[in-house]
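K.L.:
Mind having a look at this structure? Questions to follow.
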Amino acid sequence: MNYKSWEKAFNIAGILAVLFVLTFLFAIALKLFIDGLHRIYDPDFYLSYPSRFPNKAGILSAWVGTLYVMAGAIFWSIFLGIPAGIYLEEFGGKGKIARIIEANITNLSAVPSIVYGLLALGIFVYRFNFGESVLTAGLTLGLLMLPVIVVTTRESLRRIPRSIREGAYALGATNYELVFHHLLPYSIGGILTGVIIAISRAIGETAPLLTIGALTFIAFLPPPPWEDFLGMLKSPFTVLPIQIFNWVSRPQEAFHKNAAAGGFVLLVLCLLLNSLSYYLRYKVRKKYQW
Amino acid sequence: MRVETKKKLDTLFKLFLIVTSLSSIAVTLGIVIALVEDTVRFFVHPEGGGFPTSLIRFFTETEWTPTFEIKKIGIWPLLAGTFLIAFIAMAVSVPLGLLIAVYLSEFASHRVREAVKPWLEFLEAVPTVVYGYFALLAVTPLLQCVLDKFGLTMEGMNALSPGLVLGIMILPFTASLVEDSLKGVPQYLREASYSLGASKLRTAFGVVVPAAKSGIIAAYLLGMSRAIGETMVVAVAAGMYPNLTLNPLEPVQTITGYIVQVALGDLPFLSFEYLSIFAAGFMLFVITLIFNLLAVYIKSKIERY
């Protein structure tokens with residue numbers, strides 16, 4: 001065999017490997033869809049509480065819980081992540097504190113998610129007495145999202161040319177004016193893509209919420225925040241991935257169908273969020289060309 | 001607005017930024033405090049035999065049963081399960097990741113690359129519990145069917161199937177890191193190789209891959225750390241039985257799987273079972289930290305051209 005045919009062979013191997021991985025993705029989606037078909041089309045599935053009877057069980061409390069928990073997670077991760085990113089990129093410089101924080105965030109992003117669960121159990125649940133509640137779950141997932149948001153905030157700020165900052169300072173802008181009038185408006189699109197990516201990862205995250213005792217048999221909804229905000233924060237909860245885990249770990253096959261249907265809903269949600277962020281990234285790239 | 005108020009606002013603003021940045025330090029401290037404090041409590045707990053005894057038992061016993069009547073606290077079964085599954089995952093992820101990364105960065109056309117990239121990102125976004133479902137209810141039956149032809153019986157819970165699924169799951173992550181380090185190799189090295197008459201394949205594996213080797217090794221170390229810390233796939237498909245074995249056809253339990261199993265029950269605060277998940281979690285944290293730091297160290301040794 002001469003080198004040309006070796007090269008061809010490698011090309012084919014590469015294409016096959018990529019196709020294999022993509023087939024895997026489609027196989028997962030297909031398996032979930034086929035297994036859960038009956039439940040996916042059943043409107044009651046989305047409007048019922050979990051039940052001992054597989055055919056009556058639904059994901060109402062799970063998806064409402066996911067909504068509440070993710071709202072908390074988004075709040076915390078944005079509230080802590082974007083300012084941290086701005087500080088590290090714009091004002092930290094090469095100082096010692098900034099370097100330590102930077103190394104720390106790199107390390108945090110590689111900590112297994114279940115360790116965040118132990119942090120939540122040991123610190124939030126028992127030492128701060130937040131209980132096994134929506135508040136604890138939101139905070140935990142928010143911290144899990146933090147590194148992603150810090151990194152994307154920094155990357156989008158880095159794309160803004162120096163001249164903007166120098167121009168603003170030359171006209172007498174303070175730091176906060178520079179940030180709110182210029183840096184944030186120009187980078188918000190890029191930051192948003194990072195936030196959405198982080199949401200799509202956190203929404204499927206199961207392990208850190210299992211350790212804080214997210215219950216799987218919840219036949220009520222947390223009170224709506226406009227009626228009882230504190231009650232909502234303190235309410236016990238369940239979320240979609242935990243409900244799925246509970247169903248898949250039961251021996252009865254009928255519950256596996258529910259798990260498949262729930263998994264399909266979750267998968268579609270994640271893929272939608274991912275495509276949204278992909279589309280946004282494309283838009284942002286076109287909008288600001290420095 | 002007066003200049004003085006503006007100055008005050010500016011100081012406040014900067015202070016706010018610094019405080020939020022420090023929150024990440026607080027998170028790390030929180031993790032370390034929670035893990036270390038309860039791990040120490042675990043080792044001084046009378047049910048483990050008190051301080052020096054419990055530590056010796058931790059590293060010498062061959063069974064892990066802190067939740068049973070007779071408490072054995074040898075960590076080895078959990079470590080064996082964890083590393084067995086991680087090695088199976090790496091056996092899939094290393095060759096396949098390298099193949100895909102080299103193909104995408106050196107051979108594929110721009111169009112193919114742009115078309116494939118978003119799909120690989122999708123793969124990373126699939127919730128882990130869904131991978132667990134797939135491992136348990138699709139990969140395991142398939143493997144059982146295939147292995148049956150060779151006269152091997154595999155149990156419904158085993159290390160092989162979650163290991164394989166895990167390998168594919170971390171593939172997009174490792175492949176994209178490897179690809180990044182291949183892209184970091186300057187073009188003139190490739191051109192020099194071509195001008196000496198080397199083929200494209202020879203250039204890729206004889207010049208580009210060796211030039212990027214520290215980045216590639218770092219990528220695989222991070223992949224390994226992910227495989228070790230991954231929870232849901234193994235909790236669903238690997239079983240709940242701490243088993244000191246290297247046979248991939250038997251059920252095993254990983255450190256993460258143990259934490260999930262115990263956390264599912266209702267734990268009295270500071271009971272021996274409660275403390276045992278922190279001791280196991282501390283072990284997990286230290287192992288992944290070693291892999292992460294090793295990756296950072298090797299990456300810092302990266303060749304500069």
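For the structure tokens, the naming scheme is as follows: chains receive sequential letters (A, B, ...) according to their order of presentation, residues are indexed from 1 within each chain, and ligands are indexed from 1 in presentation order.
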Contacts of A:Phe237 at 8 Å or less, counting only C-alpha atoms, minus same-chain residues fewer than 4 places along, as a ChimeraX atom specification?
P.N.:
/A:61-62,65,133-134,214-215,218,221-222
K.L.:
Might you pull out every residue within 8 Å of A:Lys31, with only C-alpha atoms counted and same-chain residues fewer than 6 positions away left off, and present them as number ranges by chain?
P.N.:
A: 260; B: 134, 138
K.L.:
Go ahead and save the picked residues with N, CA and C atoms, as a short mmCIF file (atom, residue, chain, number, x, y, z; two decimals), in the first residue's frame.
P.N.:
data_model
loop_
_atom_site.label_atom_id
_atom_site.label_comp_id
_atom_site.auth_asym_id
_atom_site.auth_seq_id
_atom_site.Cartn_x
_atom_site.Cartn_y
_atom_site.Cartn_z
N ALA A 260 -38.19 6.94 30.16
CA ALA A 260 -37.82 7.25 28.77
C ALA A 260 -38.52 8.52 28.31
N PHE B 134 -29.61 4.83 28.89
CA PHE B 134 -29.16 4.17 27.66
C PHE B 134 -28.22 3.01 27.99
N ALA B 138 -30.13 -0.22 26.96
CA ALA B 138 -29.81 -0.49 25.56
C ALA B 138 -28.46 -1.18 25.42
#
K.L.:
Within 12 Å of A:Pro251, counting only C-alpha atoms, which residues qualify if same-chain residues fewer than 3 places away don't, as an NGL selection string?
P.N.:
(:A and (54 or 246-248 or 254-257 or 259)) or (:B and (136-137 or 156 or 236))
K.L.:
Limited to C-alpha atoms, could you put the picked residues into a file as a CSV table (one decimal), in the first residue's frame?
P.N.:
chain,number,residue,atom,x,y,z
A,54,PRO,CA,-47.0,3.8,36.3
A,246,ASN,CA,-36.1,7.3,40.4
A,247,TRP,CA,-38.1,5.7,37.6
A,248,VAL,CA,-35.2,4.1,35.9
A,254,ALA,CA,-43.7,0.2,33.1
A,255,PHE,CA,-41.8,2.8,35.1
A,256,HIS,CA,-38.9,2.6,32.6
A,257,LYS,CA,-41.3,3.9,30.0
A,259,ALA,CA,-38.3,7.4,32.5
B,136,LEU,CA,-28.8,0.1,31.4
B,137,LEU,CA,-31.5,-0.5,28.9
B,156,GLY,CA,-27.6,-7.0,34.4
B,236,VAL,CA,-27.8,3.6,37.2
K.L.:
If we count only C-alpha atoms, what is near A:Leu67 at a cut-off of 12 Å, once residues fewer than 4 positions away on the same chain are taken out, given as a list in words?
P.N.:
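Returned residues: Leu60, Ser61, Ala62, Trp63, Ala71, Gly72, Ala73, Ile74, Val134, Ala137, Gly138, Ile199, Ala202, Ile203, Leu221, Pro222, Pro224, Pro225, Met232, Phe237, Thr238, Val239 and Leu240 of chain A.
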K.L.:
Find the spatial neighbours of stretch 104-108 of chain B, counting only C-alpha atoms, within a cut-off of 12 Å - ignore same-chain residues fewer than 3 positions away - and output them as an NGL selection string.
P.N.:
(:A and (7-15 or 17-18)) or (:B and (97-101 or 111-117 or 120 or 175-185 or 187 or 190 or 199-205 or 207-209))
K.L.:
Smallest atom-to-atom distance to A:Leu269: which of B:Met232, B:Leu267, B:Ala218, B:Val126, using only C-alpha atoms?
P.N.:
B:Val126
K.L.:
Please, what distance in Å, to one decimal, runs between atom CA of B:Trp76 and atom CA of B:Ile255?
P.N.:
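That distance, rounded to one decimal, is 10.1 Å.
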K.L.:
Compile the contact shell of B:Pro141 as a list in words: residues with an atom at most 12 Å away, counting only C-alpha atoms, same-chain residues fewer than 2 positions apart removed.
P.N.:
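Near B:Pro141, the qualifying residues are Tyr133, Phe134, Ala135, Leu136, Leu137, Ala138, Val139, Leu143, Gln144, Cys145, Val146, Leu147, Asp148, Thr153, Met154, Glu155, Gly156, Met157, Asn158, Leu160, Ser161 and Ala237 of chain B.
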K.L.:
Smallest atom-to-atom distance to B:Leu189: which of B:Leu152, B:Ala211, B:Val260, B:Val130, using only C-alpha atoms?
P.N.:
B:Ala211
K.L.:
Please determine, counting only C-alpha atoms, which residue among B:Phe269, B:Tyr258, B:Phe87, B:Phe173 has the shortest atom-to-atom distance to chain A.
P.N.:
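Using only C-alpha atoms, the shortest distance to chain A belongs to B:Phe269.
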